[in-house]
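I have placed the structure first, in the form of structure tokens, so that the comments after it can refer back to it.
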Amino acid sequence: MFIQTEATPNPATLKFLPGRVVLDGGPREFRSPEEATESPLAEALFQVPGVTGVFFGYDFITVTKTDADWPRLKPAVLGAIMEHFVSGRPILNAGDEEEAPGDEDFDPADGETVATIKELLETRVRPAVAADGGDITFRSFRDGVVYLNMRGSCAGCPSSTATLRHGIQNLLKHFLPDVQEVRAVS
């Protein structure tokens, strides 16, 4: 098995591409060893000293680290991923297949605007963000402000502010005059 790696815009996060489907049915994020109990692979990755976050996309895994150096950390992460896939164990434990969708908050009168926001995110933003090892999901729309949840390599990324302000905000404002600003929420 050959696992490729790619740098992401977030220097604390590295993207691992095992050359096969990692998680079909939507991305999952694990921010602590306690959350990782839902996934044998995430548990194994959190056992590597310095790992602070794990994100599964359709065909990639992003791992976030503390101040440990990637040259020392990368072999252990690659080993844990390879061992997991060779073992044939599932990515998620039985019964943990679906991540509960986050609560969305918006005025029902803004339903059409929110539907357009979600469509633009799904078709124009999420594919580009996934290419960088992350994900962005809609959380809320109130008083002209769109609140988005940034996950994977996007969470804590130094360039995420520029992505929000100059990329996503400009895109949404272009198509939806009701949108005045875009903000990240956790």
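In the structure tokens, chains take letters A, B, ... by order of appearance, with residues numbered from 1 within each chain and ligands from 1 in the order shown.
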
Using 9 Å as the limit and counting only C-alpha atoms, can you tabulate each residue of segment 28-61 of chain A that touches segment 128-143 of chain A, with its shortest atom-to-atom distance in Å and the two atoms involved, as CSV?
```
residue,atom,partner,partner_atom,distance
A:Phe55,CA,A:Gly134,CA,7.7
A:Phe56,CA,A:Gly133,CA,8.8
A:Gly57,CA,A:Ala130,CA,7.4
A:Tyr58,CA,A:Ala130,CA,8.9
A:Phe60,CA,A:Gly133,CA,7.2
A:Ile61,CA,A:Gly133,CA,7.3
```

How would the residues just chosen look if you wrote them out with N, CA and C atoms as an mmCIF file, in the first residue's frame?
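Contents of the output file out_25.cif:
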```
data_model
loop_
_atom_site.group_PDB
_atom_site.id
_atom_site.type_symbol
_atom_site.label_atom_id
_atom_site.label_comp_id
_atom_site.auth_asym_id
_atom_site.auth_seq_id
_atom_site.Cartn_x
_atom_site.Cartn_y
_atom_site.Cartn_z
ATOM 1 N N PHE A 55 -9.269 14.263 10.723
ATOM 2 C CA PHE A 55 -10.420 14.556 9.877
ATOM 3 C C PHE A 55 -10.431 13.550 8.736
ATOM 4 N N PHE A 56 -11.587 12.911 8.516
ATOM 5 C CA PHE A 56 -11.749 11.962 7.418
ATOM 6 C C PHE A 56 -12.607 12.581 6.330
ATOM 7 N N GLY A 57 -12.101 12.653 5.128
ATOM 8 C CA GLY A 57 -12.868 13.049 3.958
ATOM 9 C C GLY A 57 -13.186 11.804 3.151
ATOM 10 N N TYR A 58 -13.719 11.980 1.977
ATOM 11 C CA TYR A 58 -14.095 10.844 1.135
ATOM 12 C C TYR A 58 -12.891 9.964 0.820
ATOM 13 N N PHE A 60 -9.443 10.988 1.748
ATOM 14 C CA PHE A 60 -8.254 11.506 2.410
ATOM 15 C C PHE A 60 -8.449 11.573 3.918
ATOM 16 N N ILE A 61 -7.318 11.710 4.593
ATOM 17 C CA ILE A 61 -7.272 11.880 6.045
ATOM 18 C C ILE A 61 -6.381 13.087 6.296
#
```

inquiry  = Please identify the helix (DSSP H, G or I) residues within segment 92-164 of chain A (assignment by DSSP from backbone atoms) and present them as a list in words.
reply    =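 Those residues are Pro108, Ala109, Asp110, Gly111, Glu112, Thr113, Val114, Ala115, Thr116, Ile117, Lys118, Glu119, Leu120, Leu121, Glu122, Thr123, Arg124, Val125, Arg126, Pro127, Ala128, Val129, Ala130, Ala131, Ser160, Thr161, Ala162, Thr163 and Leu164 of chain A.
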
ask   = Can you tell me, as a PyMOL selection string, what residues are no more than 12 Å from segment 78-91 of chain A when counting only C-alpha atoms, ignoring any on the same chain fewer than 3 positions away?
value = chain A and resi 1-5+14-24+27-28+36-48+51+54-63+70-75+94-97

task = Find the residue from A:Val145, A:Met150, A:Val77, A:Lys118 that sits nearest to Thr163 of chain A; use only C-alpha atoms when measuring.
result =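 Answer, going by the shortest atom-to-atom distance: A:Met150.
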
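Neighbours of Thr64 of chain A closer than or equal to 6 Å, with only C-alpha atoms counted and sequence neighbours fewer than 4 positions away skipped, come out as Ala12, Thr13, Val51, Thr52 and Gly53 of chain A.
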
task = Report as a count of residues only: the residues of segment 3-185 of chain A with a DSSP assignment of strand (DSSP E), based on the backbone of this structure.
result = 47

request  = Could you please determine the separation between atom CA of Asp178 of chain A and atom CA of Glu112 of chain A in Å, to one decimal place?
outcome  = 11.1 Å
